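Worksheet for the structure shown next.
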Number of protein chains: 8
Amino acid sequence: MDKTRLTRILENLQRGDLSVDDAAERLTNFVNEDLSFANIDHHRSLRKGFPEVIFGEGKTSEQIIGIIEKMMPQEDVILATRVDQEKAQQILAAIPQCNYEADARMIICAPEPPKPTGHGTVLVISAGTSDIPVAREALLTAWYMRNNVQAVFDVGVAGIHRLLSHREAMEKATVIIVVAGMEGALPSVVAGMVKAPVIAVPTSVGYGVSFGGTTALCGMLSSCSSNVAVVNIDNGFGAGYMASAINHIPLPAS
Amino acid sequence: MDKTRLTRILENLQRGDLSVDDAAERLTNFVNEDLSFANIDHHRSLRKGFPEVIFGEGKTSEQIIGIIEKMMPQEDVILATRVDQEKAQQILAAIPQCNYEADARMIICAPEPPKPTGHGTVLVISAGTSDIPVAREALLTAWYMRNNVQAVFDVGVAGIHRLLSHREAMEKATVIIVVAGMEGALPSVVAGMVKAPVIAVPTSVGYGVSFGGTTALCGMLSSCSSNVAVVNIDNGFGAGYMASAINHIPLPAS
Amino acid sequence: MDKTRLTRILENLQRGDLSVDDAAERLTNFVNEDLSFANIDHHRSLRKGFPEVIFGEGKTSEQIIGIIEKMMPQEDVILATRVDQEKAQQILAAIPQCNYEADARMIICAPEPPKPTGHGTVLVISAGTSDIPVAREALLTAWYMRNNVQAVFDVGVAGIHRLLSHREAMEKATVIIVVAGMEGALPSVVAGMVKAPVIAVPTSVGYGVSFGGTTALCGMLSSCSSNVAVVNIDNGFGAGYMASAINHIPLPAS
Amino acid sequence: MDKTRLTRILENLQRGDLSVDDAAERLTNFVNEDLSFANIDHHRSLRKGFPEVIFGEGKTSEQIIGIIEKMMPQEDVILATRVDQEKAQQILAAIPQCNYEADARMIICAPEPPKPTGHGTVLVISAGTSDIPVAREALLTAWYMRNNVQAVFDVGVAGIHRLLSHREAMEKATVIIVVAGMEGALPSVVAGMVKAPVIAVPTSVGYGVSFGGTTALCGMLSSCSSNVAVVNIDNGFGAGYMASAINHIPLPAS
Amino acid sequence: MDKTRLTRILENLQRGDLSVDDAAERLTNFVNEDLSFANIDHHRSLRKGFPEVIFGEGKTSEQIIGIIEKMMPQEDVILATRVDQEKAQQILAAIPQCNYEADARMIICAPEPPKPTGHGTVLVISAGTSDIPVAREALLTAWYMRNNVQAVFDVGVAGIHRLLSHREAMEKATVIIVVAGMEGALPSVVAGMVKAPVIAVPTSVGYGVSFGGTTALCGMLSSCSSNVAVVNIDNGFGAGYMASAINHIPLPAS
Amino acid sequence: MDKTRLTRILENLQRGDLSVDDAAERLTNFVNEDLSFANIDHHRSLRKGFPEVIFGEGKTSEQIIGIIEKMMPQEDVILATRVDQEKAQQILAAIPQCNYEADARMIICAPEPPKPTGHGTVLVISAGTSDIPVAREALLTAWYMRNNVQAVFDVGVAGIHRLLSHREAMEKATVIIVVAGMEGALPSVVAGMVKAPVIAVPTSVGYGVSFGGTTALCGMLSSCSSNVAVVNIDNGFGAGYMASAINHIPLPAS
Amino acid sequence: MDKTRLTRILENLQRGDLSVDDAAERLTNFVNEDLSFANIDHHRSLRKGFPEVIFGEGKTSEQIIGIIEKMMPQEDVILATRVDQEKAQQILAAIPQCNYEADARMIICAPEPPKPTGHGTVLVISAGTSDIPVAREALLTAWYMRNNVQAVFDVGVAGIHRLLSHREAMEKATVIIVVAGMEGALPSVVAGMVKAPVIAVPTSVGYGVSFGGTTALCGMLSSCSSNVAVVNIDNGFGAGYMASAINHIPLPAS
Amino acid sequence: MDKTRLTRILENLQRGDLSVDDAAERLTNFVNEDLSFANIDHHRSLRKGFPEVIFGEGKTSEQIIGIIEKMMPQEDVILATRVDQEKAQQILAAIPQCNYEADARMIICAPEPPKPTGHGTVLVISAGTSDIPVAREALLTAWYMRNNVQAVFDVGVAGIHRLLSHREAMEKATVIIVVAGMEGALPSVVAGMVKAPVIAVPTSVGYGVSFGGTTALCGMLSSCSSNVAVVNIDNGFGAGYMASAINHIPLPAS
């Protein structure tokens, strides 16, 4: 608890500059604020330009429109993920300032392009064509959370030479997101080549024993490379968010 | 059914060279032989030098000794798999002509080294040090089933350059066995580099979500390379046997 | 790295037949080629008449048409798997030279029938009527990858005598693909009768504890016959591809 | 409720042959008996010579001895299943009239051999050597529950001809128990050959994807033959008990 | 092999009543017949009035109509299971002699009601209203396979008194089929009350941890009553077929 | 936040009865207390006689002794669960005031028997002999948490009449704990007979598809009776704790 | 069995006030009533105002209408759960006295609002917006089962301060229902703050490794707080019913 | 490829400063270096002070001693994880310069304490006492990889106030590692309070439905907080390594 601020209120009361009732009210607010410090911090972080995100799956277009309209006056960037074509058209009809990124299935409402504030670059690598929607969700999330981003798509482990030709981009990246389905081997290979932290995103691409992405997920968690951590299946948004958190770690004042 | 042989028996009967009883007996044998053609064929294949194999797990050393002693007069090569150190010592004490390959956990009784008869070379690649027992089981099985064999051990996907330095061996192999645990990504990478058929062997190496080899198994079955087929977890023997079958496919007379 | 070719470039430079820039460019190409040897090899294999394959599931008919049109000038054979009736009609309307194999759910674009180059014959055996689509996918894949093929359909283990009547075909085959759902017992029985390598394909046919093919898959991997290896559930294409790889193993020059 | 018996009690009361208290007591007994008819019936069935069975796993030898000693005065046959060698020695030391069937891991206390009362013969077929303990448990259970029994061991699906040579025994059996591990295919093959009901017993024999017998279990439940029903993994006792129930179905008086 | 018949053929040849060619042909037929004894037996069993059954799921109405039309001249009873309302209407429009049992989802083509030949009565008990389709499938299968049948529906374990009121029917039945979803406890309770064999059928009724019937299945296999065996989830047909096999076990001539 | 108390502090400061520093300290304590109200409340509940519990599994006897010795001066009742025979002897040697309940595997340190404070009686019902350790753990937990308890052991669903004879105890209980392994059917049957809340405890008793208690757990969660809620496998302690919470629900002042 | 009542009947018979036939009939009724005491008790409980509940999933609107119409003359409250919008419109068209709670997917037919009879208040807490349907089902069930209810929605663990601001409601509740999907952590946190019993309801909200609610379910069962018991996934009705059973536990007469 | 360096070699050759053979050798080295850039980079990173790590599980103490002795001349820090007490004693006897951290099960050979080079502090939070070994492994790994570290142990979600009292440490950390077993809820709660990236480590602590850590793992992956990524069960080393990678992300030169 902030000692200075508490003492000031009490001194004001002692001096008669504040009635007991006013002091009680201020202290109550103070305590609540204290209690919910995470919350305040959270709002502040939003004020710093981090997007508020709407999970579109299982919400009607009316519900999404309502939430966006309520947020617009206060937010610079509004993202809605997992919005299909049909809902998107209804949303854009109602709120024409927004855009729809069809391949990433995202609605984005941002009057201006984001100004990157992260330390370096977030590189997004994906394995197959079918992994692109998840990879694009990760990329756009990181971008609108104010990170420089770069994409290397369609470099699977079955043609390892294609991956090797992108080593420069890999060496320069601050954080790497690797998106892959099927056997989910790509993050191991990439992480074996770099020192940067790698966020692995399994996708539900595949059939039979792919088990909706579980095989890729477990493969990534069993990776023999150690600079890898994993997010939920198809969770491109989470990977972008985590990469942004890494790319914005606070530095001690020098 | 072999027409010629049938006709011959019947003609012999007709000519009086054979009594009805003798003909009946020959035909009965003939039919039984026919019924069990697979069996006869199987025995023949053994006579061609293919090893008879004893699955040692769950058998006592007494039982294994008994089986080996019964087989020795008729077989050139006898293999027993999954035999631990303790049982092996008891077996070797009883049958000193046999050898124990400790790392592959195999007992081998072969008076002479095998003479390779397969078309080309079986290459065995393994990912980590802990995969070596399974890889050695595959290698020795293929070798004693009369195949030229070659080994490239300890080349995981987390250091892809080590694998790349063995490309010549990979290009020359007729069949490749790839043994890997954890995420099981190595077969995909290898199969993406060659035209040869690849037999993938998942191992139970790993912990947590490795789930005793199931993750590696499913990863291999989900492989994005198509010249891959998979055997059971830790089944080095099966991989060696299958590779030998491939390396011995019959060629049409030219 | 090919020593001769390297020396020749350097000697040309030394002799003044090549400028530094030209030598640098040739060496760069050389190195890239080297790096991506797998790739080059892959392209060469395609030039030898192996089909390029499009996985149709999850692609629109427009996307498939686009890929086929881009490939047609360079490829002898183009296969697209997992294409349903509706997409197929749209594709054939756009590219009338292609054919649709409805039971195998494949689009095939091949101006001429393939000329077999494999060593022997690929035999495809399937258990039940519902397994036929997967079996046909395997058969057509092997056929268009230039293998002689033969089919024995509808011979389940519950009527073992039907299988026994095909023993001649089984004995003559170079590779056998066995397609089965439900308990997946057929590959064990077939592999027990022959010396040839057997590729087992579990299908998702069944209900309840068939668990979408997982029971058949695990049954096949647990097979008590050793000349069996397994591909993913419903992966008829992979089985055909693997069988072709086996039927085309390189033979040492005699 | 038995009308006659009720009326008789009430008439006795009406006639004064019974006091209210006596009638109340008789009726209370009557009702309790009624409530617990299953129980009474159960005891009756035991009196008919069916063995009382002790599940030995997780019980100490002292506990088993105690139960046997309490049962001995009343029972013709006492079976204890899943008793290991060490416990068995302690039990036999205490109760020398009992025998230990080591391969079936059963303690049997029966002064005289059972006199079969079932309609026909229970045939027990098992696939591999390691399945024999479970198969023997089934066999001995059926035998001591008063059934003629016959055994055909070691006939796996990988050598189908061995099974075919036992067709006569299969055709004559009233009920068939089939015990198999690994892929669990044998019950399907057997049931496809006979009209008799088949009880399938999966065993925990195998490794890797055998998953402790689950693969065999699911394979048996997915059987393409319909005259098959399944019991729990390694439940030889249950199979013998169920087979006995089938072999003792009541026949209507002719 | 039938010795008498073999000797007769050979004697005819010896006597000159048969040419070598005719003898060879007869013996070949004889052997084939022998090989496929199961098959012949199977056909004979069909001639005895057992229904041929068509698994309707995954077949078009055209395919089902085709199969029925081909079977009609030879079969007394034709059953098709898992036929939905829409397909049924098309089938009945094409073959008006057939009937549709909507609740059991079965098409039945039988000019006359079946004449029971089984030893006793098959009792079908089901737990909840939603289990009735599976229970009815079992009931009709048993009925058309020539068994007397009786039904007790809607007696779940949560109201045990309802079950208790049917004890007479339970005590009189030769075989009992118990159909239950959710926790699948009913077969244990029923089997604890009777000596007859109980066939348990888990259904896919339920949600959440019912896991599509797997919980009921495993519960039934773990039953603490021993006169229980289990068939696949929702496999009413298999239960009826197995119950009929039990109710028709051959009796030794007295 | 407690308004009265806040105002009182502030008024004391205003009146000069309290310095700013003292007021600041009191408010800080107040806020911390407020923040951690759950904690304070928790301690209070302990002071009311609820036992502090030590989970013994994975702790050495030294660790358990240490914790008990630290707790003894402050606590009336100390329970340690999952303590095996060997550890228990060491603990009792060190702290002779404690007792060991061998069947429940619990160490209990309570100078005086508990004085029940709950509204009614907690009834514990268990299915089989092997479920008794878990049932006893539940019983002793509830007892030492100051509830009247009653036990009905060994009443499985396979002999439903035994359960029926305890209906009076069931009707009188305030809360019922039902402990069962294998198919886990007992809670459904019990809950169908009573209005009281039923806490179901699955046990890991069983083999094969019991899957270490998972089948019983899922069966209980799928129960067709609605007055049932479930705790983790073998969690007798949790069931006793939850039952006590129910038996101590606060009643509004009348 | 009620001694007094039995004696009275028998005395009436003895006195001649009752014929044997009348006494027999009365005793038969008496016994049946006795046998089915659970049933009678159940009916009585309904007469006390507990709702009869129709599980709407898998029933047609016609079936639901039929059941409601049959129940209306006798019941104060009729609830139907899991009724979608379309069915609801058809039901309301047929029975206009009923209401549809769209968010809880319930049909409610109650002429008058329920009069609470429970001891205290049932508090329903839910984590996310998507959990509200299940939470509302729990709330309305508890309300119509005559409990005072209170709702705190949308307080997830990722913003713990929001939960903390509701501590007063939590401290006052007699029973707390906590509804949560995804990681299912909320019940642990809530139960750690209160002494009241907590009923946890996992929901199927989430994707990937949420596995349709299984992860939330297992998380709740593994809770480190002990005053938690769990119901099936999405089973809001069961939670409301169980909470009501707890809130109505019988109190001993003081 | 580095253009300048290539050109320089070629110009030297052109100028005659280099023979063809020397140029060929240099170019070969150059290309190899190029091919294996990951490798070189990897070695360099090691030279920067990152520890080489030995996975001790499944290795004998002899093997571990051998590896350490080989590494000692070249490495500043050597870590061996998952080394049990017994092996550790043998290792320390052989190499007395090493230390054993018993609670983290790690052998550490470092002549001097590490000098932190990371940007900020790695905070390790753990839930229960049993999670401490994994948490300590994470802590020591991060520390020896040159990060400032801080530990907050034993703060579970069931007592949320204990966690709240550490908010300052949480707010100041650059990366947070959260270690938890059972329901795995702690990372969600922590991540909801901070902006820093959170690495979640599930542990295998728990029983029943904890399923060896799988429930905690899936709960963490399903987290409703987005700044969370997850490593394998019990993988404290991986978490420390990943946290170090994050704490060492390269900063662009300003």
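Labels for the structure tokens follow display order: chains A, B, ..., residues from 1 in each chain, ligands from 1.
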
Determine which residues of segment 73-191 of chain F DSSP labels as strand (DSSP E or B) from the backbone of this structure, then write them out as a PyMOL selection string.
-> chain F and resi 78-81+99-101+106-109+121-126+148-152+175-180

Same-sequence overlay, chain C on chain F, C-alpha least squares, as a compact mmCIF listing (two decimals) with C-alpha atoms, in the first residue's frame:
```txt
# COMPACT_ATOMS: atom_id res chain seq x y z
CA MET C 1 -15.20 -2.92 4.62
CA ASP C 2 -16.42 -2.47 8.14
CA LYS C 3 -17.50 1.20 8.20
CA THR C 4 -17.92 1.49 11.97
CA ARG C 5 -14.43 0.25 12.72
CA LEU C 6 -12.87 2.57 10.13
CA THR C 7 -14.75 5.60 11.43
CA ARG C 8 -13.70 4.78 15.00
CA ILE C 9 -10.00 4.74 14.07
CA LEU C 10 -10.29 7.99 12.15
CA GLU C 11 -12.21 9.69 14.97
CA ASN C 12 -9.57 8.60 17.46
CA LEU C 13 -6.94 10.16 15.24
CA GLN C 14 -8.98 13.33 14.87
CA ARG C 15 -9.42 13.52 18.65
CA GLY C 16 -5.70 13.10 19.14
CA ASP C 17 -6.15 9.77 20.94
CA LEU C 18 -4.05 8.15 18.23
CA SER C 19 -0.86 9.29 16.48
CA VAL C 20 -0.62 9.28 12.68
CA ASP C 21 1.82 6.37 12.89
CA ASP C 22 -0.45 4.31 15.12
CA ALA C 23 -3.45 5.04 12.91
CA ALA C 24 -1.46 4.10 9.83
CA GLU C 25 -0.45 0.80 11.41
CA ARG C 26 -3.99 -0.04 12.49
CA LEU C 27 -5.38 0.78 9.08
CA THR C 28 -2.72 -1.30 7.38
CA ASN C 29 -3.63 -4.27 9.55
CA PHE C 30 -7.26 -3.55 8.89
CA VAL C 31 -6.75 -3.50 5.17
CA ASN C 32 -4.67 -6.65 5.16
CA GLU C 33 -7.30 -8.35 7.23
CA ASP C 34 -9.81 -7.15 4.73
CA LEU C 35 -7.82 -8.32 1.79
CA SER C 36 -7.44 -11.71 3.31
CA PHE C 37 -10.91 -12.07 4.71
CA ALA C 38 -11.12 -15.59 3.43
CA ASN C 39 -8.04 -16.36 5.40
CA ILE C 40 -9.36 -14.93 8.62
CA ASP C 41 -12.56 -16.76 8.13
CA HIS C 42 -10.56 -19.87 7.56
CA HIS C 43 -8.67 -19.47 10.80
CA ARG C 44 -11.86 -18.84 12.65
CA SER C 45 -13.33 -21.97 11.25
CA LEU C 46 -10.30 -23.82 12.57
CA ARG C 47 -10.79 -22.31 15.99
CA LYS C 48 -14.28 -23.76 15.89
CA GLY C 49 -12.77 -27.23 16.03
CA PHE C 50 -12.34 -28.19 12.37
CA PRO C 51 -9.30 -30.34 11.85
CA GLU C 52 -6.18 -29.16 10.07
CA VAL C 53 -5.27 -31.89 7.60
CA ILE C 54 -1.87 -33.11 6.38
CA PHE C 55 -1.74 -34.96 3.05
CA GLY C 56 0.78 -37.66 3.97
CA GLU C 57 1.51 -39.10 0.53
CA GLY C 58 4.89 -37.96 -0.74
CA LYS C 59 5.96 -36.60 2.64
CA THR C 60 8.59 -38.34 4.80
CA SER C 61 7.72 -39.34 8.36
CA GLU C 62 10.19 -36.67 9.53
CA GLN C 63 8.28 -33.98 7.63
CA ILE C 64 4.95 -35.16 9.04
CA ILE C 65 6.33 -35.25 12.59
CA GLY C 66 7.65 -31.71 12.14
CA ILE C 67 4.29 -30.39 10.97
CA ILE C 68 2.36 -32.14 13.76
CA GLU C 69 4.73 -30.85 16.44
CA LYS C 70 4.35 -27.30 15.16
CA MET C 71 0.54 -27.58 15.13
CA MET C 72 -0.01 -29.35 18.45
CA PRO C 73 0.04 -26.33 20.75
CA GLN C 74 -2.74 -24.61 18.79
CA GLU C 75 -5.02 -27.32 17.45
CA ASP C 76 -7.61 -29.56 19.09
CA VAL C 77 -7.57 -32.10 16.29
CA ILE C 78 -4.83 -32.93 13.79
CA LEU C 79 -5.42 -35.37 10.96
CA ALA C 80 -2.85 -36.81 8.55
CA THR C 81 -4.21 -38.84 5.63
CA ARG C 82 -2.56 -41.44 3.37
CA VAL C 83 0.04 -42.50 5.91
CA ASP C 84 1.29 -46.04 5.44
CA GLN C 85 2.07 -48.53 8.25
CA GLU C 86 5.80 -47.89 8.22
CA LYS C 87 5.62 -44.10 8.41
CA ALA C 88 2.89 -44.41 11.03
CA GLN C 89 5.12 -46.42 13.36
CA GLN C 90 7.85 -43.78 13.14
CA ILE C 91 5.35 -41.00 13.80
CA LEU C 92 3.78 -42.75 16.80
CA ALA C 93 7.24 -43.46 18.19
CA ALA C 94 7.96 -39.72 18.07
CA ILE C 95 4.54 -38.44 19.16
CA PRO C 96 2.93 -41.10 21.34
CA GLN C 97 -0.22 -39.04 21.96
CA CYS C 98 -1.35 -39.68 18.38
CA ASN C 99 -3.23 -42.75 17.16
CA TYR C 100 -3.05 -44.62 13.88
CA GLU C 101 -6.21 -45.85 12.18
CA ALA C 102 -4.63 -48.54 10.04
CA ASP C 103 -7.60 -49.33 7.80
CA ALA C 104 -8.14 -45.66 6.96
CA ARG C 105 -4.39 -45.00 6.78
CA MET C 106 -4.85 -41.93 9.03
CA ILE C 107 -2.89 -40.48 11.93
CA ILE C 108 -5.19 -38.73 14.41
CA CYS C 109 -4.03 -36.53 17.23
CA ALA C 110 -6.99 -35.53 19.37
CA PRO C 111 -6.81 -35.44 23.15
CA GLU C 112 -10.57 -35.76 23.41
CA PRO C 113 -13.28 -37.29 21.24
CA PRO C 114 -15.02 -34.69 19.04
CA LYS C 115 -18.32 -33.16 20.16
CA PRO C 116 -20.73 -33.29 17.17
CA THR C 117 -22.10 -29.90 16.10
CA GLY C 118 -23.67 -30.76 12.72
CA HIS C 119 -27.41 -30.70 12.06
CA GLY C 120 -27.89 -34.44 11.56
CA THR C 121 -26.08 -37.65 10.69
CA VAL C 122 -23.59 -38.41 7.91
CA LEU C 123 -24.14 -41.95 6.59
CA VAL C 124 -21.25 -43.69 4.79
CA ILE C 125 -22.17 -46.59 2.49
CA SER C 126 -19.54 -48.66 0.71
CA ALA C 127 -19.80 -51.34 -1.95
CA GLY C 128 -17.01 -53.88 -1.53
CA THR C 129 -14.42 -54.95 1.03
CA SER C 130 -11.67 -53.24 -0.93
CA ASP C 131 -13.51 -49.92 -0.77
CA ILE C 132 -13.37 -49.88 3.04
CA PRO C 133 -10.11 -47.87 3.40
CA VAL C 134 -11.58 -44.98 1.43
CA ALA C 135 -14.92 -45.31 3.23
CA ARG C 136 -13.21 -45.28 6.62
CA GLU C 137 -11.19 -42.19 5.63
CA ALA C 138 -14.49 -40.44 4.81
CA LEU C 139 -16.09 -41.63 8.03
CA LEU C 140 -13.27 -40.56 10.32
CA THR C 141 -12.91 -37.20 8.57
CA ALA C 142 -16.61 -36.46 9.06
CA TRP C 143 -16.47 -37.67 12.66
CA TYR C 144 -13.47 -35.52 13.59
CA MET C 145 -15.07 -32.55 11.84
CA ARG C 146 -17.81 -32.88 14.48
CA ASN C 147 -20.56 -34.83 12.76
CA ASN C 148 -22.56 -37.79 13.97
CA VAL C 149 -21.66 -40.62 11.60
CA GLN C 150 -23.00 -44.07 10.71
CA ALA C 151 -21.53 -46.79 8.48
CA VAL C 152 -23.13 -49.38 6.18
CA PHE C 153 -20.35 -51.32 4.50
CA ASP C 154 -20.25 -54.05 1.88
CA VAL C 155 -23.59 -53.53 0.12
CA GLY C 156 -22.91 -53.80 -3.63
CA VAL C 157 -25.45 -53.50 -6.46
CA ALA C 158 -24.97 -57.16 -7.40
CA GLY C 159 -26.95 -58.09 -4.26
CA ILE C 160 -29.47 -55.30 -4.15
CA HIS C 161 -31.48 -56.88 -1.31
CA ARG C 162 -28.64 -56.23 1.16
CA LEU C 163 -28.93 -52.53 0.39
CA LEU C 164 -32.72 -52.57 0.74
CA SER C 165 -32.45 -53.82 4.32
CA HIS C 166 -30.76 -50.56 5.30
CA ARG C 167 -33.44 -48.20 3.98
CA GLU C 168 -34.24 -46.85 7.45
CA ALA C 169 -30.70 -45.61 7.97
CA MET C 170 -30.78 -44.10 4.50
CA GLU C 171 -34.05 -42.31 5.08
CA LYS C 172 -32.82 -40.79 8.34
CA ALA C 173 -29.43 -39.52 7.15
CA THR C 174 -28.85 -35.82 6.49
CA VAL C 175 -26.08 -36.49 3.99
CA ILE C 176 -24.99 -39.80 2.45
CA ILE C 177 -21.50 -40.62 1.24
CA VAL C 178 -21.40 -43.58 -1.17
CA VAL C 179 -18.03 -45.19 -1.87
CA ALA C 180 -17.75 -47.62 -4.79
CA GLY C 181 -15.24 -48.91 -7.35
CA MET C 182 -15.66 -51.08 -10.46
CA GLU C 183 -18.79 -49.87 -12.31
CA GLY C 184 -19.62 -47.29 -9.62
CA ALA C 185 -23.37 -47.95 -9.81
CA LEU C 186 -24.19 -47.78 -6.11
CA PRO C 187 -24.62 -43.98 -5.79
CA SER C 188 -27.28 -43.98 -8.53
CA VAL C 189 -29.25 -46.68 -6.76
CA VAL C 190 -28.94 -45.04 -3.33
CA ALA C 191 -29.77 -41.55 -4.63
CA GLY C 192 -32.86 -42.98 -6.34
CA MET C 193 -34.14 -44.02 -2.90
CA VAL C 194 -33.62 -40.85 -0.86
CA LYS C 195 -34.13 -37.09 -0.89
CA ALA C 196 -30.87 -36.33 0.93
CA PRO C 197 -27.80 -35.09 -0.97
CA VAL C 198 -25.43 -37.92 -1.94
CA ILE C 199 -21.64 -37.47 -2.23
CA ALA C 200 -20.21 -40.17 -4.48
CA VAL C 201 -16.59 -41.31 -4.10
CA PRO C 202 -15.17 -43.50 -6.89
CA THR C 203 -12.36 -45.82 -5.82
CA SER C 204 -9.45 -47.18 -7.81
CA VAL C 205 -10.57 -50.73 -7.00
CA GLY C 206 -10.82 -52.98 -10.06
CA TYR C 207 -8.67 -53.95 -13.03
CA GLY C 208 -8.73 -53.78 -16.82
CA VAL C 209 -11.30 -51.22 -17.95
CA SER C 210 -11.77 -49.92 -14.42
CA PHE C 211 -8.87 -47.67 -15.52
CA GLY C 212 -7.86 -46.89 -11.96
CA GLY C 213 -11.27 -45.58 -10.96
CA THR C 214 -12.03 -43.51 -14.05
CA THR C 215 -14.89 -45.78 -15.11
CA ALA C 216 -16.50 -45.55 -11.67
CA LEU C 217 -16.01 -41.76 -11.69
CA CYS C 218 -17.63 -41.28 -15.09
CA GLY C 219 -20.44 -43.66 -14.18
CA MET C 220 -21.19 -41.60 -11.09
CA LEU C 221 -21.14 -38.33 -13.02
CA SER C 222 -23.49 -39.85 -15.61
CA SER C 223 -25.87 -40.96 -12.87
CA CYS C 224 -29.53 -40.86 -13.77
CA SER C 225 -30.30 -39.67 -10.23
CA SER C 226 -29.89 -35.92 -9.74
CA ASN C 227 -29.12 -35.56 -6.03
CA VAL C 228 -25.55 -36.76 -6.58
CA ALA C 229 -22.26 -34.87 -6.77
CA VAL C 230 -18.85 -36.47 -7.06
CA VAL C 231 -15.32 -36.04 -5.66
CA ASN C 232 -11.96 -37.25 -6.99
CA ILE C 233 -11.02 -40.93 -7.13
CA ASP C 234 -10.16 -42.36 -3.68
CA ASN C 235 -10.79 -38.95 -2.10
CA GLY C 236 -12.45 -40.17 1.08
CA PHE C 237 -11.16 -37.14 2.96
CA GLY C 238 -12.76 -34.71 0.50
CA ALA C 239 -16.09 -36.54 0.72
CA GLY C 240 -16.03 -36.37 4.51
CA TYR C 241 -15.10 -32.69 4.39
CA MET C 242 -17.85 -31.85 1.86
CA ALA C 243 -20.44 -33.85 3.84
CA SER C 244 -19.45 -31.92 6.95
CA ALA C 245 -19.83 -28.63 5.09
CA ILE C 246 -23.34 -29.70 4.08
CA ASN C 247 -24.18 -30.89 7.59
CA HIS C 248 -23.04 -27.52 8.98
CA ILE C 249 -24.79 -25.14 6.55
CA PRO C 250 -25.67 -21.97 8.43
CA LEU C 251 -29.35 -21.58 9.28
CA PRO C 252 -30.98 -18.18 9.24
CA ALA C 253 -31.88 -17.01 12.72
CA SER C 254 -35.58 -17.77 13.18
```
